[in-house]
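Peer 1: Provided below: final07.txt, containing compact mmCIF, C-alpha atoms and all ligand atoms.
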```txt
# COMPACT_ATOMS: atom_id res chain seq x y z
CA MET I 2 62.64 43.03 -7.31
CA ASN I 3 61.40 46.57 -7.97
CA ASP I 4 63.03 48.98 -5.50
CA THR I 5 59.96 51.23 -5.16
CA PRO I 6 57.59 49.42 -2.86
CA ARG I 7 54.07 49.06 -4.15
CA GLN I 8 51.71 51.50 -2.41
CA TYR I 9 48.90 49.02 -2.01
CA GLY I 10 46.46 51.49 -0.49
CA PRO I 11 46.24 54.23 -3.14
CA GLU I 12 46.83 51.79 -6.02
CA THR I 13 44.11 49.38 -4.95
CA GLN I 14 41.66 52.18 -4.14
CA GLY I 15 42.42 54.01 -7.39
CA ALA I 16 41.93 50.93 -9.54
CA THR I 17 38.65 50.08 -7.79
CA TYR I 18 37.21 53.58 -8.20
CA LEU I 19 38.33 53.70 -11.85
CA ARG I 20 36.54 50.44 -12.61
CA GLY I 21 33.54 51.97 -10.88
CA LEU I 22 33.61 54.86 -13.38
CA GLY I 23 33.03 52.24 -16.05
CA GLY I 24 30.10 50.84 -14.07
CA ALA I 25 31.85 47.84 -12.45
CA VAL I 26 31.68 47.08 -8.74
CA PRO I 27 34.05 44.54 -7.15
CA GLU I 28 32.86 40.94 -7.18
CA VAL I 29 34.64 40.45 -3.86
CA PRO I 30 33.41 42.89 -1.18
CA THR I 31 36.10 45.05 0.40
CA ASN I 32 34.96 44.71 4.05
CA PHE I 33 34.60 41.57 6.14
CA LEU I 34 30.91 41.55 7.03
CA THR I 35 29.74 42.00 3.43
CA LEU I 36 32.34 39.45 2.29
CA GLU I 37 31.12 36.91 4.82
CA ALA I 38 27.47 37.40 3.89
CA LYS I 39 28.20 36.95 0.18
CA ALA I 40 30.33 33.86 0.83
CA LYS I 41 27.54 32.30 2.89
CA GLU I 42 25.21 32.58 -0.11
CA LYS I 43 27.76 30.72 -2.27
CA MET I 44 28.63 27.96 0.19
CA SER I 45 26.85 24.68 0.92
CA PRO I 46 25.31 24.45 4.41
CA GLU I 47 28.04 21.93 5.34
CA ALA I 48 30.88 24.18 4.13
CA TRP I 49 29.35 27.15 5.92
CA ALA I 50 28.94 25.25 9.22
CA TYR I 51 32.50 23.92 9.06
CA THR I 52 34.12 27.26 8.17
CA ALA I 53 32.12 29.76 10.18
CA GLY I 54 31.68 27.61 13.26
CA GLY I 55 33.55 27.66 16.53
CA ALA I 56 33.67 25.59 19.68
CA GLY I 57 30.71 25.40 22.07
CA LEU I 58 28.93 28.71 22.54
CA GLU I 59 31.54 30.31 20.27
CA SER I 60 32.63 32.59 23.09
CA ALA I 61 36.31 32.33 22.15
CA MET I 62 35.39 33.49 18.65
CA ASP I 63 33.54 36.44 20.17
CA ALA I 64 36.50 37.11 22.49
CA ASN I 65 38.81 37.35 19.49
CA ARG I 66 36.75 40.18 18.01
CA ALA I 67 36.05 41.86 21.33
CA ALA I 68 39.76 42.07 22.12
CA PHE I 69 40.53 43.93 18.89
CA GLN I 70 37.49 46.18 19.23
CA ARG I 71 38.29 47.16 22.81
CA THR I 72 41.66 48.60 21.83
CA GLN I 73 41.68 51.71 19.67
CA ILE I 74 44.17 53.58 17.55
CA ILE I 75 45.04 57.17 18.58
CA PRO I 76 45.85 58.70 15.17
CA ARG I 77 49.10 60.64 14.86
CA MET I 78 49.34 63.70 12.58
CA LEU I 79 52.10 65.31 10.53
CA LYS I 80 54.75 62.66 10.98
CA GLY I 81 55.08 62.28 7.22
CA ALA I 82 55.08 58.85 5.57
CA ALA I 83 54.76 59.61 1.86
CA GLN I 84 56.27 56.25 0.89
CA ARG I 85 55.37 53.15 2.87
CA ASN I 86 57.30 49.92 2.66
CA LEU I 87 55.37 46.93 4.00
CA THR I 88 58.07 44.37 3.17
CA THR I 89 58.55 41.95 6.05
CA GLU I 90 61.23 39.35 6.68
CA MET I 91 60.19 36.00 8.09
CA PHE I 92 62.44 32.98 8.42
CA GLY I 93 64.80 34.09 5.69
CA ILE I 94 62.18 35.20 3.18
CA LYS I 95 61.01 38.67 2.20
CA ALA I 96 57.22 38.90 2.13
CA ALA I 97 55.05 41.61 0.55
CA GLY I 98 53.79 42.59 3.99
CA PRO I 99 53.39 41.38 7.56
CA ILE I 100 50.72 38.81 6.68
CA MET I 101 50.57 35.13 5.77
CA THR I 102 47.72 32.76 5.02
CA CYS I 103 46.77 30.44 7.90
CA PRO I 104 46.61 26.73 7.20
CA ILE I 105 42.96 25.86 6.53
CA GLY I 106 41.83 22.28 6.01
CA VAL I 107 39.35 20.87 3.48
CA LEU I 108 39.32 23.87 1.13
CA GLU I 109 37.71 21.60 -1.50
CA MET I 110 34.43 22.28 0.37
CA MET I 111 34.73 25.96 -0.57
CA HIS I 112 36.08 25.71 -4.13
CA PRO I 113 37.21 22.82 -6.36
CA GLU I 114 40.67 24.35 -6.89
CA ALA I 115 41.06 24.62 -3.11
CA ASP I 116 44.71 24.88 -1.99
CA LEU I 117 45.92 25.21 -5.59
CA ALA I 118 43.93 28.44 -5.97
CA VAL I 119 45.34 29.75 -2.68
CA ALA I 120 48.86 28.81 -3.82
CA ARG I 121 48.42 30.85 -7.01
CA ALA I 122 46.86 33.78 -5.15
CA THR I 123 49.61 33.99 -2.53
CA ALA I 124 52.36 33.52 -5.12
CA ALA I 125 50.95 36.39 -7.21
CA LEU I 126 51.15 38.71 -4.19
CA ASN I 127 54.27 37.28 -2.52
CA VAL I 128 52.30 36.59 0.66
CA PRO I 129 53.65 33.48 2.45
CA MET I 130 51.32 30.46 2.50
CA ILE I 131 51.18 27.93 5.32
CA ILE I 132 50.23 24.61 3.74
CA SER I 133 47.82 22.59 5.92
CA SER I 134 48.22 18.99 7.07
CA GLN I 135 44.50 18.72 6.21
CA ALA I 136 44.79 20.13 2.69
CA SER I 137 42.73 18.85 -0.22
CA PHE I 138 45.80 18.37 -2.43
CA SER I 139 49.16 16.85 -1.56
CA MET I 140 51.88 19.28 -0.57
CA GLU I 141 53.81 18.33 -3.73
CA GLU I 142 50.84 19.34 -5.93
CA ILE I 143 50.42 22.57 -3.96
CA ALA I 144 54.13 23.40 -4.32
CA LYS I 145 53.84 22.96 -8.09
CA ALA I 146 51.05 25.55 -8.23
CA HIS I 147 53.01 27.81 -5.85
CA GLY I 148 56.29 27.86 -7.84
CA ASP I 149 59.16 29.42 -5.92
CA ALA I 150 56.97 31.67 -3.76
CA PRO I 151 57.57 31.57 0.03
CA ARG I 152 55.79 28.78 1.91
CA PHE I 153 55.71 27.07 5.29
CA PHE I 154 54.16 23.76 6.39
CA GLN I 155 51.70 23.19 9.23
CA LEU I 156 52.09 19.88 11.01
CA TYR I 157 49.44 17.95 12.88
CA TRP I 158 51.31 15.53 15.10
CA GLY I 159 49.03 12.54 15.60
CA LYS I 160 49.61 9.11 17.05
CA SER I 161 52.32 8.14 14.59
CA ASP I 162 55.77 9.73 14.82
CA ALA I 163 56.63 8.01 11.53
CA ILE I 164 53.91 9.98 9.72
CA ALA I 165 54.96 13.26 11.41
CA GLU I 166 58.57 12.62 10.36
CA SER I 167 57.57 11.81 6.82
CA PHE I 168 55.43 14.99 6.54
CA VAL I 169 58.32 17.12 7.84
CA LYS I 170 60.81 15.61 5.39
CA ARG I 171 58.41 16.00 2.48
CA ALA I 172 57.80 19.63 3.48
CA GLU I 173 61.53 20.30 3.51
CA ALA I 174 61.90 18.60 0.11
CA ILE I 175 59.25 20.84 -1.49
CA GLY I 176 61.00 23.99 -0.24
CA CYS I 177 59.00 24.99 2.85
CA LYS I 178 61.01 27.49 4.89
CA ALA I 179 59.58 26.68 8.34
CA ILE I 180 57.41 24.11 10.10
CA PHE I 181 54.46 25.29 12.22
CA ILE I 182 53.40 22.61 14.73
CA THR I 183 49.76 23.11 15.70
CA LEU I 184 49.39 22.33 19.41
CA ASP I 185 45.80 23.34 20.11
CA THR I 186 44.09 20.53 18.22
CA VAL I 187 45.36 17.36 19.87
CA ILE I 188 41.73 16.35 19.56
CA LEU I 189 38.91 18.13 17.76
CA GLY I 190 37.01 20.79 19.75
CA TRP I 191 33.28 20.47 20.52
CA ARG I 192 31.75 21.98 17.38
CA PRO I 193 27.95 22.12 17.57
CA ARG I 194 27.38 23.49 14.06
CA ASP I 195 29.04 20.39 12.56
CA LEU I 196 27.68 18.00 15.18
CA ASN I 197 24.11 19.19 14.66
CA ILE I 198 24.23 18.22 10.99
CA GLY I 199 26.33 15.11 11.64
CA TYR I 200 28.95 16.28 9.17
CA SER I 201 32.65 15.49 9.34
CA PRO I 202 34.45 16.03 6.01
CA PHE I 203 37.29 13.76 7.07
CA LEU I 204 35.04 10.70 7.48
CA ARG I 205 34.01 11.27 3.87
CA GLY I 206 37.61 11.24 2.73
CA GLN I 207 37.90 15.03 2.29
CA GLY I 208 40.95 16.95 3.53
CA ILE I 209 43.20 13.92 3.90
CA ALA I 210 45.36 14.28 0.78
CA GLN I 211 48.62 14.70 2.76
CA TYR I 212 47.95 11.30 4.34
CA THR I 213 46.78 9.35 1.28
CA SER I 214 49.90 10.60 -0.56
CA ASP I 215 52.23 9.62 2.29
CA PRO I 216 54.25 6.38 2.30
CA ALA I 217 54.22 6.06 6.12
CA PHE I 218 50.40 6.43 6.17
CA ARG I 219 49.88 4.12 3.21
CA ALA I 220 51.94 1.44 4.96
CA LEU I 221 49.18 1.24 7.61
CA LEU I 222 46.45 0.42 5.06
CA PRO I 223 45.22 -3.02 3.98
CA GLN I 224 44.60 -1.71 0.43
CA THR I 225 45.68 1.49 -1.33
CA PRO I 226 43.50 4.61 -0.80
CA GLU I 227 42.68 4.46 -4.52
CA GLU I 228 41.31 0.91 -4.14
CA ASN I 229 39.58 1.51 -0.81
CA PRO I 230 39.05 5.19 0.04
CA GLN I 231 36.79 4.37 2.99
CA ALA I 232 39.48 2.33 4.72
CA ALA I 233 41.87 5.27 4.25
CA ALA I 234 39.37 7.72 5.77
CA PHE I 235 38.80 5.36 8.70
CA GLN I 236 42.55 4.94 9.24
CA PHE I 237 42.90 8.74 9.28
CA THR I 238 40.40 8.97 12.15
CA GLN I 239 42.49 6.43 14.06
CA THR I 240 45.73 8.27 13.37
CA PHE I 241 44.71 11.92 13.82
CA GLY I 242 45.42 13.68 17.11
CA ASP I 243 46.95 12.57 20.37
CA ALA I 244 45.86 14.22 23.59
CA GLY I 245 49.04 12.83 25.18
CA LEU I 246 51.33 14.97 23.00
CA ASP I 247 53.96 16.69 25.16
CA TRP I 248 57.16 18.76 25.05
CA ALA I 249 59.45 15.71 25.07
CA ARG I 250 57.76 14.18 22.07
CA ILE I 251 57.76 17.25 19.83
CA ALA I 252 61.47 17.79 20.57
CA LYS I 253 62.12 14.86 18.20
CA ILE I 254 61.51 17.18 15.29
CA ARG I 255 65.02 18.56 15.70
CA SER I 256 66.51 15.26 14.56
CA TRP I 257 64.33 15.33 11.44
CA THR I 258 64.98 18.80 10.09
CA LYS I 259 67.14 21.89 10.35
CA LEU I 260 64.22 24.14 9.37
CA PRO I 261 62.97 26.75 11.84
CA VAL I 262 60.14 25.35 13.98
CA VAL I 263 57.26 27.56 15.15
CA LEU I 264 54.70 26.56 17.79
CA LYS I 265 51.14 27.45 16.74
CA GLY I 266 48.60 27.80 19.52
CA ILE I 267 50.74 29.20 22.34
CA MET I 268 48.50 31.51 24.43
CA ARG I 269 50.15 31.65 27.86
CA ALA I 270 53.27 33.44 29.08
CA ASP I 271 54.61 30.29 30.80
CA ASP I 272 54.22 28.25 27.61
CA ALA I 273 55.89 31.08 25.68
CA ALA I 274 58.87 31.08 28.06
CA LYS I 275 59.13 27.30 27.65
CA THR I 276 58.99 27.67 23.85
CA VAL I 277 62.04 29.93 24.09
CA SER I 278 63.93 27.76 26.59
CA GLU I 279 63.27 24.63 24.49
CA GLY I 280 64.95 26.38 21.56
CA TYR I 281 62.02 26.84 19.15
CA ASP I 282 62.22 29.56 16.53
CA GLY I 283 58.89 31.32 16.75
CA ILE I 284 55.43 31.51 18.30
CA LEU I 285 52.09 31.87 16.58
CA VAL I 286 49.61 33.08 19.20
CA SER I 287 46.39 31.40 18.10
CA ASN I 288 43.20 29.91 19.48
CA HIS I 289 42.45 28.25 16.16
CA GLY I 290 39.85 30.87 15.29
CA GLY I 291 37.91 30.01 18.46
CA ARG I 292 37.28 26.47 17.22
CA GLN I 293 38.91 24.56 20.07
CA VAL I 294 38.56 25.91 23.65
CA ASP I 295 35.16 27.48 24.20
CA GLY I 296 35.41 30.14 26.90
CA GLY I 297 39.01 30.85 25.91
CA ILE I 298 40.71 34.24 25.93
CA GLY I 299 40.97 36.26 22.71
CA THR I 300 44.37 36.11 21.03
CA PHE I 301 44.88 39.88 21.04
CA ASP I 302 44.36 39.86 24.83
CA ALA I 303 46.90 37.02 25.14
CA LEU I 304 49.50 38.71 22.91
CA PRO I 305 51.17 41.12 25.39
CA GLY I 306 51.92 38.37 27.93
CA VAL I 307 53.42 36.16 25.25
CA VAL I 308 55.47 39.01 23.74
CA ALA I 309 56.84 39.88 27.20
CA ALA I 310 57.76 36.25 27.91
CA ALA I 311 59.50 35.84 24.54
CA LYS I 312 61.73 38.81 25.48
CA GLY I 313 62.52 39.58 21.85
CA LYS I 314 64.43 36.30 21.49
CA ILE I 315 62.09 34.80 18.91
CA PRO I 316 59.40 36.33 16.67
CA VAL I 317 55.82 36.31 17.93
CA MET I 318 53.01 36.18 15.38
CA ILE I 319 49.25 36.14 15.91
CA ASP I 320 46.07 34.90 14.23
CA SER I 321 42.36 34.49 15.07
CA GLY I 322 39.83 37.25 14.52
CA ILE I 323 41.92 39.44 12.21
CA ARG I 324 39.43 41.00 9.84
CA CYS I 325 40.81 44.33 8.58
CA GLY I 326 43.91 46.49 8.19
CA ALA I 327 43.33 48.16 11.55
CA ASP I 328 43.50 44.75 13.31
CA ILE I 329 46.86 44.06 11.67
CA PHE I 330 48.07 47.52 12.68
CA LYS I 331 47.02 46.92 16.31
CA ALA I 332 48.73 43.52 16.44
CA LEU I 333 51.99 44.98 15.12
CA ALA I 334 51.75 47.84 17.62
CA LEU I 335 51.76 45.28 20.44
CA GLY I 336 54.85 43.53 19.13
CA ALA I 337 53.65 40.91 16.65
CA THR I 338 56.01 40.57 13.68
CA ALA I 339 53.30 39.24 11.36
CA VAL I 340 49.70 38.08 11.42
CA GLY I 341 47.89 35.05 10.03
CA ILE I 342 44.78 35.54 7.91
CA GLY I 343 42.20 32.76 8.25
CA ARG I 344 38.49 32.86 7.36
CA PRO I 345 38.63 36.09 5.29
CA TYR I 346 40.64 34.52 2.45
CA VAL I 347 38.51 31.37 2.61
CA TYR I 348 35.43 33.50 1.97
CA GLY I 349 37.18 35.15 -0.97
CA LEU I 350 38.01 31.67 -2.30
CA ALA I 351 34.38 30.58 -1.97
CA ILE I 352 33.19 33.64 -3.92
CA ALA I 353 35.71 33.72 -6.77
CA GLY I 354 38.43 31.06 -6.46
CA GLN I 355 42.01 32.27 -6.85
CA ALA I 356 40.91 35.81 -7.77
CA GLY I 357 38.72 35.95 -4.66
CA ALA I 358 41.41 34.84 -2.22
CA GLN I 359 43.85 37.20 -3.91
CA ALA I 360 41.47 40.16 -3.71
CA VAL I 361 40.95 39.65 0.02
CA LEU I 362 44.69 39.53 0.71
CA GLU I 363 45.30 42.58 -1.45
CA TYR I 364 42.54 44.51 0.35
CA LEU I 365 44.13 43.69 3.71
CA LEU I 366 47.54 44.94 2.54
CA ALA I 367 45.85 48.03 1.08
CA GLU I 368 43.91 48.79 4.25
CA LEU I 369 47.06 48.34 6.33
CA ASP I 370 48.94 50.70 3.99
CA VAL I 371 46.18 53.32 4.31
CA THR I 372 46.17 52.97 8.11
CA MET I 373 49.95 53.40 8.17
CA ALA I 374 49.77 56.50 5.96
CA LEU I 375 47.09 58.03 8.19
CA ASN I 376 49.28 57.48 11.27
CA GLY I 377 52.64 58.50 9.84
CA CYS I 378 54.20 55.02 9.74
CA ALA I 379 56.56 54.35 6.84
CA SER I 380 57.24 50.70 7.76
CA PRO I 381 55.79 48.02 10.05
CA GLN I 382 58.64 48.70 12.51
CA GLU I 383 57.31 52.23 13.01
CA ILE I 384 53.98 50.96 14.36
CA GLY I 385 54.42 51.16 18.13
CA PRO I 386 52.30 50.85 21.28
CA GLU I 387 52.15 54.65 21.68
CA LEU I 388 49.60 54.60 18.84
CA LEU I 389 47.10 52.55 20.87
CA ALA I 390 44.63 53.31 23.65
CA LEU I 391 44.69 49.95 25.39
CA GLY I 392 41.22 48.78 26.37
CA LYS I 393 40.29 47.43 29.77
CA SER I 394 39.05 43.85 29.94
C1 LIG W 401 37.72 25.98 8.25
C2 LIG W 401 38.99 26.04 9.06
C3 LIG W 401 39.91 25.01 8.93
C4 LIG W 401 41.12 25.07 9.64
N1 LIG W 401 42.07 24.10 9.45
C5 LIG W 401 43.25 24.20 10.08
C6 LIG W 401 44.28 23.26 9.83
O1 LIG W 401 44.14 22.37 9.02
N2 LIG W 401 45.43 23.38 10.54
C7 LIG W 401 45.64 24.39 11.46
O2 LIG W 401 46.69 24.45 12.08
N3 LIG W 401 44.69 25.30 11.68
C8 LIG W 401 43.51 25.23 11.01
N4 LIG W 401 42.57 26.19 11.22
C9 LIG W 401 42.89 27.35 12.08
C10 LIG W 401 43.57 28.45 11.26
O3 LIG W 401 44.86 28.08 10.87
C11 LIG W 401 43.67 29.77 12.06
O4 LIG W 401 44.30 29.55 13.29
C12 LIG W 401 42.29 30.41 12.28
O5 LIG W 401 41.46 30.24 11.16
C13 LIG W 401 42.44 31.89 12.58
O6 LIG W 401 41.21 32.44 12.95
P1 LIG W 401 40.26 33.29 11.95
O7 LIG W 401 39.77 32.35 10.90
O8 LIG W 401 39.15 33.73 12.85
O9 LIG W 401 41.06 34.41 11.40
C14 LIG W 401 41.36 26.16 10.52
C15 LIG W 401 40.42 27.18 10.64
C16 LIG W 401 39.25 27.13 9.91
C17 LIG W 401 38.28 28.28 10.02
C1 LIG W 402 40.79 17.00 12.00
C2 LIG W 402 41.55 18.25 11.63
C3 LIG W 402 40.81 19.49 11.87
C4 LIG W 402 41.17 20.56 10.89
C5 LIG W 402 41.14 21.85 11.59
O1 LIG W 402 42.15 22.31 12.02
C6 LIG W 402 39.89 22.53 11.84
O2 LIG W 402 38.83 22.11 11.35
O3 LIG W 402 39.91 23.52 12.58
```
Written as structure tokens, that's how I'd like the structure from this file.
Ligand SMILES: Cc1cc2nc3c(=O)[nH]c(=O)nc-3n(C[C@H](O)[C@H](O)[C@H](O)COP(=O)(O)O)c2cc1C
Ligand SMILES: CCCCC(=O)C(=O)O
Peer 2:
Amino acid sequence: MNDTPRQYGPETQGATYLRGLGGAVPEVPTNFLTLEAKAKEKMSPEAWAYTAGGAGLESAMDANRAAFQRTQIIPRMLKGAAQRNLTTEMFGIKAAGPIMTCPIGVLEMMHPEADLAVARATAALNVPMIISSQASFSMEEIAKAHGDAPRFFQLYWGKSDAIAESFVKRAEAIGCKAIFITLDTVILGWRPRDLNIGYSPFLRGQGIAQYTSDPAFRALLPQTPEENPQAAAFQFTQTFGDAGLDWARIAKIRSWTKLPVVLKGIMRADDAAKTVSEGYDGILVSNHGGRQVDGGIGTFDALPGVVAAAKGKIPVMIDSGIRCGADIFKALALGATAVGIGRPYVYGLAIAGQAGAQAVLEYLLAELDVTMALNGCASPQEIGPELLALGKS
């Protein structure tokens, strides 16, 4: 590895302005709202509803943004941070910066190369990728496209422990460095945008590649998924989710793997304390991008309580509503060790495949680097709460 860290901010800005001298403007917009609007034009109505939508009145989605907007940065002068180093360690790997891609299901709706394009984009930047249980390609195919870049696996724990165990063992075999168990989707949230067009990708056999490639899932089928895809899709609907999932059941994962296990979807201090006392290795504060509990609190508002309850014993990460470098900066200032990027990279993917997802991730690193330079922070560790004016709810 090159010892001089890449200065994403000035390098990315400089290259963009230079291309502009030659008359070229970026295909992928550099700010979220323009990016989202362009992606909407490219996406089918079904893909747009599924990606952009949230639960119910979408108030948890709004709360995610409001929480970040309410808290402001108080810029610090003359501290001096000529060289910034964004490198961040997570579960034994060294990432380009304190970001990772969130697991997003059914990416084939946004682009035919789906997870493979995201694998190539994240590998090119050395940004960790969390592979989804609802991916459009099997984890083995995704790993092939990803090479030896850092990756994690997101587990949906449904009715069958045998399938969960098989997913975990496959994830370990393909070199995932941690397992993220998603807890907030034991059943699907109430999603009016999808309901109003009667569209579920899963019923149509999309986003179930981890299952159709899995021996424990295939053993439940009367015919192979290749012979009878509809039976496989139906079986998935019978297998997915279990509203009875509890602490005792997920503890079984320890007998299946030695990998670090992170709980995704922890929002409360008491659940965070339990995560620590049960011996888990990390917390991802998440409300699933506001897609599950309508009326729920924004993740950035939930973060301080979770950080306090974790008492520095395990890393706390956050996703949901992160749209720019300043949001990442604010999350780190309140004690997050890294943040998950969700819809923004999906919109990049919809616009320009691998290059689009990669551009969005690079912009976020660049904007974080610029924000750090403008506040005298040479590394993520130097971003502290003294740089924030905490908003009142
Ligand atoms: C279209 C879509 C599909 C998603 N699929 C999954 C998934 O398969 N597994 C999972 O744990 N989370 C899934 N999520 C939630 C994300 O991992 C993440 O928590 C969320 O997108 C963060 O919010 P943001 O998109 O507002 O940044 C999905 C989110 C979206 C928008
Ligand atoms: C049935 C799995 C749902 C995938 C997911 O996590 C989402 O759409 O938010």
Peer 1: Hey, which of I:Gly306, I:Pro30, I:Gly242, I:Gly266 ends up closest to Ile352 in chain I? Count only C-alpha atoms.
Peer 2: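 Comparing I:Gly306, I:Pro30, I:Gly242, I:Gly266 against Ile352 in chain I, the winner is I:Pro30.
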Peer 1: Give me, as a PDB file with C-alpha atoms, in the frame of the given file, all polymer residues having an atom no more than 12 Å from Val371 in chain I, counting only C-alpha atoms and skipping those fewer than 5 positions away in the same chain.
Peer 2:
```
ATOM      1  CA  GLN I   8      51.710  51.500  -2.410  1.00  0.00           C
ATOM      2  CA  TYR I   9      48.900  49.020  -2.010  1.00  0.00           C
ATOM      3  CA  GLY I  10      46.460  51.490  -0.490  1.00  0.00           C
ATOM      4  CA  PRO I  11      46.240  54.230  -3.140  1.00  0.00           C
ATOM      5  CA  GLU I  12      46.830  51.790  -6.020  1.00  0.00           C
ATOM      6  CA  THR I  13      44.110  49.380  -4.950  1.00  0.00           C
ATOM      7  CA  GLN I  14      41.660  52.180  -4.140  1.00  0.00           C
ATOM      8  CA  ALA I  82      55.080  58.850   5.570  1.00  0.00           C
ATOM      9  CA  ALA I  83      54.760  59.610   1.860  1.00  0.00           C
ATOM     10  CA  GLN I  84      56.270  56.250   0.890  1.00  0.00           C
ATOM     11  CA  ARG I  85      55.370  53.150   2.870  1.00  0.00           C
ATOM     12  CA  ASN I  86      57.300  49.920   2.660  1.00  0.00           C
ATOM     13  CA  LEU I  87      55.370  46.930   4.000  1.00  0.00           C
ATOM     14  CA  CYS I 325      40.810  44.330   8.580  1.00  0.00           C
ATOM     15  CA  GLY I 326      43.910  46.490   8.190  1.00  0.00           C
ATOM     16  CA  ALA I 327      43.330  48.160  11.550  1.00  0.00           C
ATOM     17  CA  ILE I 329      46.860  44.060  11.670  1.00  0.00           C
ATOM     18  CA  PHE I 330      48.070  47.520  12.680  1.00  0.00           C
ATOM     19  CA  TYR I 364      42.540  44.510   0.350  1.00  0.00           C
ATOM     20  CA  LEU I 365      44.130  43.690   3.710  1.00  0.00           C
ATOM     21  CA  LEU I 366      47.540  44.940   2.540  1.00  0.00           C
ATOM     22  CA  ASN I 376      49.280  57.480  11.270  1.00  0.00           C
ATOM     23  CA  GLY I 377      52.640  58.500   9.840  1.00  0.00           C
ATOM     24  CA  CYS I 378      54.200  55.020   9.740  1.00  0.00           C
ATOM     25  CA  ALA I 379      56.560  54.350   6.840  1.00  0.00           C
ATOM     26  CA  SER I 380      57.240  50.700   7.760  1.00  0.00           C
TER      27      SER I 380
END
```
Peer 1: Would you name the residues within 6 Å of ligand LIG 401 (chain W), counting all atoms listed in the file, and put them as an mmCIF file with C-alpha atoms, keeping the file's coordinate frame?
Peer 2:
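Output file pocket-v2.cif is given in full below:
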```
data_model
loop_
_atom_site.group_PDB
_atom_site.id
_atom_site.type_symbol
_atom_site.label_atom_id
_atom_site.label_comp_id
_atom_site.auth_asym_id
_atom_site.auth_seq_id
_atom_site.Cartn_x
_atom_site.Cartn_y
_atom_site.Cartn_z
ATOM 1 C CA TYR I 51 32.500 23.920 9.060
ATOM 2 C CA THR I 52 34.120 27.260 8.170
ATOM 3 C CA CYS I 103 46.770 30.440 7.900
ATOM 4 C CA PRO I 104 46.610 26.730 7.200
ATOM 5 C CA ILE I 105 42.960 25.860 6.530
ATOM 6 C CA GLY I 106 41.830 22.280 6.010
ATOM 7 C CA SER I 133 47.820 22.590 5.920
ATOM 8 C CA SER I 134 48.220 18.990 7.070
ATOM 9 C CA GLN I 135 44.500 18.720 6.210
ATOM 10 C CA GLN I 155 51.700 23.190 9.230
ATOM 11 C CA THR I 183 49.760 23.110 15.700
ATOM 12 C CA SER I 287 46.390 31.400 18.100
ATOM 13 C CA HIS I 289 42.450 28.250 16.160
ATOM 14 C CA GLY I 290 39.850 30.870 15.290
ATOM 15 C CA ASP I 320 46.070 34.900 14.230
ATOM 16 C CA SER I 321 42.360 34.490 15.070
ATOM 17 C CA GLY I 322 39.830 37.250 14.520
ATOM 18 C CA ILE I 323 41.920 39.440 12.210
ATOM 19 C CA ILE I 342 44.780 35.540 7.910
ATOM 20 C CA GLY I 343 42.200 32.760 8.250
ATOM 21 C CA ARG I 344 38.490 32.860 7.360
#
```
Peer 1: Under the rule that all atoms listed in the file are counted, which of I:Gln231, I:Gln224, I:Thr5, I:Ser201 is the nearest residue to ligand LIG 402 (chain W)?
Peer 2: I:Ser201
Peer 1: So, counting all atoms listed in the file, which residue among I:Glu109, I:Ala48, I:Ser139, I:Ala150 is closest to Ala96 in chain I?
Peer 2: I:Ala150
Peer 1: I'd like to know which of I:Arg205, I:Arg192, I:Arg66, I:Lys312 is closest to Gln293 in chain I, using only C-alpha atoms.
Peer 2: I:Arg192
Peer 1: I:Asp302, I:Glu42, I:Asp195, I:Asp116: which is nearest ligand LIG 402 (chain W), counting all atoms listed in the file?
Peer 2: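 Counting all atoms listed in the file, the residue closest to ligand LIG 402 (chain W) is I:Asp195.
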Peer 1: Given all atoms listed in the file as the basis, pick out the residue of I:Asp243, I:Asp272, I:Glu363, I:Glu387 nearest to ligand LIG 402 (chain W).
Peer 2: I:Asp243
Peer 1: Report, in Å with one decimal, the straight-line distance from CA of Pro261 in chain I to CA of Ala274 in chain I.
Peer 2: 17.3 Å
Peer 1: Within 9 Å of (54.5, 39.5, -4.0) (coordinates as in the file), grab all the protein and nucleic acid residues, counting all atoms listed in the file, and write them out as a list in words.
Peer 2: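 Checked against the point, the hits come out as Ala96, Ala97, Gly98, Thr123, Ala124, Ala125, Leu126, Asn127, Val128, Pro129 and Ala150 of chain I.
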